[in-house]
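Asks: A single structure is presented below for examination.
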Amino acid sequence: MVNHEAVDCEQVWREISNYVDGEVDPALRSAMDEHFRACPRCASVLAGTRNVVQLYGDERMLELPSGFSRRLEKRLAKDAGVKGRAWSSWSAWLVPIAAMAVIIGGYKLTTAFTFRPPAKSILAVPASNIPQDLKVVVSNGSRLFHAPGCPLIHDKASERSLTAKEAIEQGYAPCSRCLRQYLKTELRRRARSRAIEAADVAVPNQPDRGDEQEEFITPGH
Amino acid sequence: MSQAEAALKNPLDSGATREQELVASVQRGHNELFYELVRPYERRVYAAALAILRNEHEAEDAAQEAMLKALINIAKFRSEARFSTWLIQITVNEALMRRRRERTVQMEALDDREEGSDYAPRDFADWREIPSEALERKEVRQRLAEALATLDNKYREVFVLRDMEHLNIQETAEALGISVASVKTRLLRARLMLRDLLAAGWEQGWFSRLPFEKGSKPW
């Protein structure tokens with residue numbers, strides 16, 4: 001039985017753990033408080049005990065071995081059909097693949113925007129598969145490039161020859177009449193839905209060829 | 001008060017509610033939610049297994065096995081109890097069973113001999129506080145783990161469940177199948193022994209390169 005009025009060091013050590021946990025009755029607590037004030041040795045034991053409880057009770061002391069969670073998920077999936085966070089072995093490969101795709105895609109986008117001048121017309125984009133070295137002509141006052149001899153060439157006096165690649169790089173769009181075979185549906189859809197911007201942009205009112213579902217493809221180099 | 005307002009007022013309550021929902025869902029057969037349910041307790045489950053088995057590989061296997069057993073027996077879980085406590089108890093049972101399988105009865109008998117509460121602390125005046133920030137350093141955590149590993153099984157188990165897993169005295173007693181009085185006695189000795197070990201470690205320069213080394217302490 002502890003004498004609550006005056007406790008000695010040994011009694012304090014015996015109860016110090018309960019004291020830290022707040023599990024001593026008020027009278028004993030009061031007697032121990034008084035003892036700690038008077039006894040630096042026991043005060044040191046109390047400080048150390050509290051420090052131990054505080055340090056080991058910290059979440060950081062609960063360390064997991066590397067890969068523990070992944071292996072646990074695999075085991076649960078294998079033995080109990082428990083799905084985890086989509087980190088199964090095959091899908092884990094998707095991360096580096098996706099990262100590669102983002103890097104490559106980002107590079108492509110960057111180079112696309114860096115090396116190609118802005119198109120002279122909203123109609124400039126939707127052309128595809130035009131042979132790079134196809135001889136075409138452009139002229140002043142027009143945003144289009146044409147096959148030589150096209151009747152829609154504007155201001156023939158200023159006509160100059162270049163390749164399709166050069167024309168596209170300079171922002172010209174293919175004439176929708178003489179180069180129609182290279183245009184995609186998107187051109188016609190846009191052309192119909194917007195007011196024609198330039199006088200010489202002739203959009204033949206031809207019946208659709210049933211290729212509305214064609215994929216939109218930007219010009220290649 | 002709406003549910004959202006209640007959650008804002010007490011996020012712990014909202015976490016507990018979410019856990020209850022998850023338990024109920026898994027009990028209805030939604031096994032795919034089980035990992036979400038146990039994920040917050042991975043560390044505690046592993047630490048409990050490691051405290052008993054003292055072998056990382058074996059502890060990990062026991063932790064996985066305990067999780068599987070928890071899933072298989074989820075229907076037996078009653079919401080009056082804390083899920084974390086129930087999970088830790090399954091883990092302790094699993095780890096103790098493995099240890100019994102591997103060790104002789106004689107060794108356990110030896111291990112159970114001393115039970116006195118007359119432990120006298122050492123190094124009275126030399127204690128210097130180790131601040132929590134020091135735990136950021138792997139070296140410090142390693143030192144603390146090493147000190148813990150030197151304790152006898154019965155002290156280490158009680159200490160880990162009570163002070164690291166934060167079970168209460170009663171829960172610790174039930175998990176280990178010992179009396180409340182034994183838990184208190186072992187806990188006292190474990191705490192004092194760790195205090196002595198860390199004080200001795202200080203003298204041996206364990207924490208010598210830590211920033212809090214300089215400056216005197218009041219004790």
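Ligands are numbered from 1 in the order shown, chains are lettered A, B, ... in the order of the structure tokens, and residues start at 1 in each chain.
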Excluding segment 92-104 of chain B and any residue of its chain fewer than 5 positions from it, enumerate the residues within 8 Å of it, using only C-alpha atoms, and give them as JSON, numbers by chain.
Replies: {"B": [48, 49, 52, 53, 59, 62, 65, 66, 175, 176]}
Asks: Show me, as CSV, the residues of chain B having an atom within 8 Å of chain A, each with the closest atom pair and its distance in Å, using only C-alpha atoms.
Replies:
```
residue,atom,partner,partner_atom,distance
B:Asn31,CA,A:Val82,CA,5.5
B:Glu32,CA,A:Val82,CA,4.7
B:Leu33,CA,A:Val82,CA,7.4
B:Phe34,CA,A:Val82,CA,6.7
B:Tyr35,CA,A:Gly84,CA,6.0
B:Glu36,CA,A:Gly84,CA,7.6
B:Glu42,CA,A:Ser69,CA,7.7
B:Arg43,CA,A:Leu62,CA,5.6
B:Arg44,CA,A:Leu62,CA,6.7
B:Tyr46,CA,A:Leu64,CA,7.2
B:Ala47,CA,A:Leu62,CA,6.3
B:Glu56,CA,A:Pro65,CA,8.0
B:Glu60,CA,A:Phe68,CA,7.6
B:Gln64,CA,A:Leu72,CA,6.0
B:Leu68,CA,A:Leu76,CA,6.8
B:Ser117,CA,A:Arg14,CA,6.6
B:Asp118,CA,A:Arg14,CA,6.9
B:Tyr119,CA,A:Arg14,CA,7.8
B:Ala120,CA,A:Trp13,CA,7.2
B:Pro121,CA,A:Val45,CA,7.2
B:Phe124,CA,A:Arg41,CA,5.0
B:Ala125,CA,A:Arg41,CA,5.7
B:Asp126,CA,A:Ser44,CA,7.6
B:Trp127,CA,A:Ser44,CA,6.0
B:Arg128,CA,A:Gly48,CA,7.4
B:Glu129,CA,A:Asn51,CA,6.4
B:Ile130,CA,A:Asn51,CA,7.0
B:Pro131,CA,A:Leu55,CA,7.9
B:Ser132,CA,A:Leu55,CA,6.1
B:Leu135,CA,A:Arg60,CA,6.8
B:Glu136,CA,A:Arg60,CA,7.8
B:Arg141,CA,A:Met61,CA,6.3
B:Leu144,CA,A:Tyr56,CA,7.8
B:Ala145,CA,A:Met61,CA,7.9
B:Asp163,CA,A:Gly57,CA,5.4
B:Met164,CA,A:Gly57,CA,4.6
B:Glu165,CA,A:Gly57,CA,7.6
B:His166,CA,A:Gly57,CA,7.5
B:Lys184,CA,A:Asn18,CA,7.6
B:Leu187,CA,A:Ser17,CA,7.3
B:Leu188,CA,A:Ser17,CA,5.1
B:Arg191,CA,A:Thr49,CA,6.0
B:Leu192,CA,A:Thr49,CA,6.3
B:Leu194,CA,A:Val52,CA,6.9
B:Arg195,CA,A:Gly48,CA,5.5
B:Trp219,CA,A:Ser44,CA,5.7
```
Asks: Residues of the last selection are to be written out with N, CA and C atoms, as a tab-separated table (two decimals), in the first residue's frame.
Replies:
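Result saved to out_10.tsv:
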```tsv
chain	number	residue	atom	x	y	z
B	31	ASN	N	-15.72	-7.32	-51.59
B	31	ASN	CA	-14.31	-7.57	-51.22
B	31	ASN	C	-13.36	-6.54	-51.82
B	32	GLU	N	-13.77	-5.94	-52.93
B	32	GLU	CA	-12.86	-5.01	-53.61
B	32	GLU	C	-12.58	-3.78	-52.73
B	33	LEU	N	-13.41	-3.55	-51.71
B	33	LEU	CA	-13.19	-2.40	-50.83
B	33	LEU	C	-12.31	-2.74	-49.62
B	34	PHE	N	-11.92	-3.98	-49.51
B	34	PHE	CA	-11.20	-4.41	-48.31
B	34	PHE	C	-9.86	-3.71	-48.17
B	35	TYR	N	-9.15	-3.54	-49.27
B	35	TYR	CA	-7.84	-2.91	-49.15
B	35	TYR	C	-7.96	-1.47	-48.67
B	36	GLU	N	-8.99	-0.78	-49.15
B	36	GLU	CA	-9.21	0.60	-48.69
B	36	GLU	C	-9.46	0.62	-47.18
B	42	GLU	N	-1.89	-0.63	-42.16
B	42	GLU	CA	-0.77	-1.46	-42.63
B	42	GLU	C	0.42	-1.40	-41.69
B	43	ARG	N	0.80	-0.18	-41.31
B	43	ARG	CA	1.99	0.00	-40.49
B	43	ARG	C	1.83	-0.64	-39.13
B	44	ARG	N	0.66	-0.44	-38.56
B	44	ARG	CA	0.43	-0.97	-37.22
B	44	ARG	C	0.38	-2.50	-37.26
B	46	TYR	N	1.91	-4.46	-39.36
B	46	TYR	CA	3.28	-4.96	-39.56
B	46	TYR	C	4.10	-4.82	-38.28
B	47	ALA	N	3.97	-3.66	-37.61
B	47	ALA	CA	4.76	-3.43	-36.39
B	47	ALA	C	4.39	-4.44	-35.30
B	56	GLU	N	11.85	-9.59	-40.16
B	56	GLU	CA	11.09	-8.76	-41.10
B	56	GLU	C	10.30	-9.59	-42.11
B	60	GLU	N	6.25	-9.81	-42.24
B	60	GLU	CA	5.47	-9.38	-43.41
B	60	GLU	C	4.51	-10.48	-43.83
B	64	GLN	N	0.39	-10.22	-43.82
B	64	GLN	CA	-0.47	-10.54	-44.97
B	64	GLN	C	-1.51	-11.60	-44.60
B	68	LEU	N	-5.67	-11.43	-44.54
B	68	LEU	CA	-6.55	-12.39	-45.21
B	68	LEU	C	-7.54	-13.01	-44.22
B	117	SER	N	8.22	-6.04	-10.20
B	117	SER	CA	8.06	-4.64	-10.61
B	117	SER	C	9.09	-3.76	-9.89
B	118	ASP	N	10.14	-4.42	-9.40
B	118	ASP	CA	11.12	-3.68	-8.60
B	118	ASP	C	12.32	-3.26	-9.45
B	119	TYR	N	12.06	-2.78	-10.61
B	119	TYR	CA	13.16	-2.35	-11.48
B	119	TYR	C	13.64	-0.97	-11.07
B	120	ALA	N	14.93	-0.85	-10.90
B	120	ALA	CA	15.48	0.45	-10.50
B	120	ALA	C	16.12	1.14	-11.70
B	121	PRO	N	15.70	2.35	-11.99
B	121	PRO	CA	16.28	3.06	-13.15
B	121	PRO	C	17.76	3.38	-12.92
B	124	PHE	N	20.40	8.39	-13.44
B	124	PHE	CA	19.35	9.32	-13.02
B	124	PHE	C	19.45	10.70	-13.62
B	125	ALA	N	20.66	11.27	-13.51
B	125	ALA	CA	20.77	12.69	-13.83
B	125	ALA	C	21.14	12.95	-15.28
B	126	ASP	N	21.35	11.87	-16.04
B	126	ASP	CA	21.92	12.09	-17.37
B	126	ASP	C	20.89	12.13	-18.50
B	127	TRP	N	19.64	12.05	-18.15
B	127	TRP	CA	18.67	12.04	-19.23
B	127	TRP	C	18.61	13.37	-19.97
B	128	ARG	N	18.69	13.27	-21.27
B	128	ARG	CA	18.52	14.47	-22.10
B	128	ARG	C	17.44	14.19	-23.11
B	129	GLU	N	16.56	15.09	-23.21
B	129	GLU	CA	15.40	14.86	-24.08
B	129	GLU	C	15.80	14.77	-25.55
B	130	ILE	N	15.22	13.80	-26.22
B	130	ILE	CA	15.39	13.69	-27.66
B	130	ILE	C	14.12	14.27	-28.29
B	131	PRO	N	14.23	15.39	-28.97
B	131	PRO	CA	13.01	16.00	-29.51
B	131	PRO	C	12.41	15.18	-30.65
B	132	SER	N	11.11	15.31	-30.83
B	132	SER	CA	10.41	14.54	-31.87
B	132	SER	C	10.97	14.81	-33.26
B	135	LEU	N	13.23	12.44	-35.07
B	135	LEU	CA	12.73	11.23	-35.74
B	135	LEU	C	12.76	11.34	-37.25
B	136	GLU	N	12.94	12.57	-37.74
B	136	GLU	CA	13.09	12.74	-39.18
B	136	GLU	C	14.32	11.98	-39.68
B	141	ARG	N	15.79	6.81	-35.78
B	141	ARG	CA	14.75	5.78	-35.75
B	141	ARG	C	15.39	4.40	-35.63
B	144	LEU	N	16.52	3.83	-32.06
B	144	LEU	CA	15.38	3.53	-31.19
B	144	LEU	C	14.88	2.10	-31.43
B	145	ALA	N	14.84	1.70	-32.70
B	145	ALA	CA	14.38	0.34	-33.03
B	145	ALA	C	15.35	-0.69	-32.46
B	163	ASP	N	2.21	1.33	-26.46
B	163	ASP	CA	2.77	2.66	-26.73
B	163	ASP	C	2.98	2.96	-28.21
B	164	MET	N	3.05	1.94	-29.04
B	164	MET	CA	3.22	2.22	-30.47
B	164	MET	C	1.92	1.97	-31.24
B	165	GLU	N	1.17	0.97	-30.83
B	165	GLU	CA	-0.11	0.68	-31.51
B	165	GLU	C	-1.26	1.42	-30.83
B	166	HIS	N	-0.98	1.97	-29.65
B	166	HIS	CA	-1.95	2.76	-28.90
B	166	HIS	C	-3.20	1.97	-28.51
B	184	LYS	N	0.50	-3.90	-16.93
B	184	LYS	CA	1.02	-2.69	-16.26
B	184	LYS	C	2.46	-2.88	-15.79
B	187	LEU	N	4.78	-3.08	-18.82
B	187	LEU	CA	4.88	-1.77	-19.47
B	187	LEU	C	5.82	-0.86	-18.69
B	188	LEU	N	5.68	-0.87	-17.38
B	188	LEU	CA	6.56	-0.06	-16.54
B	188	LEU	C	8.03	-0.41	-16.79
B	191	ARG	N	9.27	0.60	-20.33
B	191	ARG	CA	9.52	2.04	-20.47
B	191	ARG	C	10.81	2.46	-19.75
B	192	LEU	N	10.99	1.93	-18.54
B	192	LEU	CA	12.19	2.31	-17.79
B	192	LEU	C	13.45	1.75	-18.44
B	194	LEU	N	13.88	1.14	-21.61
B	194	LEU	CA	14.16	1.93	-22.83
B	194	LEU	C	14.76	3.28	-22.46
B	195	ARG	N	14.23	3.85	-21.40
B	195	ARG	CA	14.81	5.13	-20.94
B	195	ARG	C	16.29	4.96	-20.61
B	219	TRP	N	17.86	18.73	-16.25
B	219	TRP	CA	18.03	17.59	-15.34
B	219	TRP	C	19.41	17.00	-15.45
```
Asks: Using only C-alpha atoms, pick whichever of B:Leu50, B:Ala134, B:Leu87, B:Ile74 has the shortest atom-to-atom distance to Gln27 of chain B.
Replies: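 Smallest distance to Gln27 of chain B is found for B:Ile74.
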Asks: As an exercise, work out the distance from atom CA of Gln170 of chain A to atom CA of His154 of chain A in Å and give it to one decimal place.
Replies: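 These atoms are spaced 17.5 Å apart.
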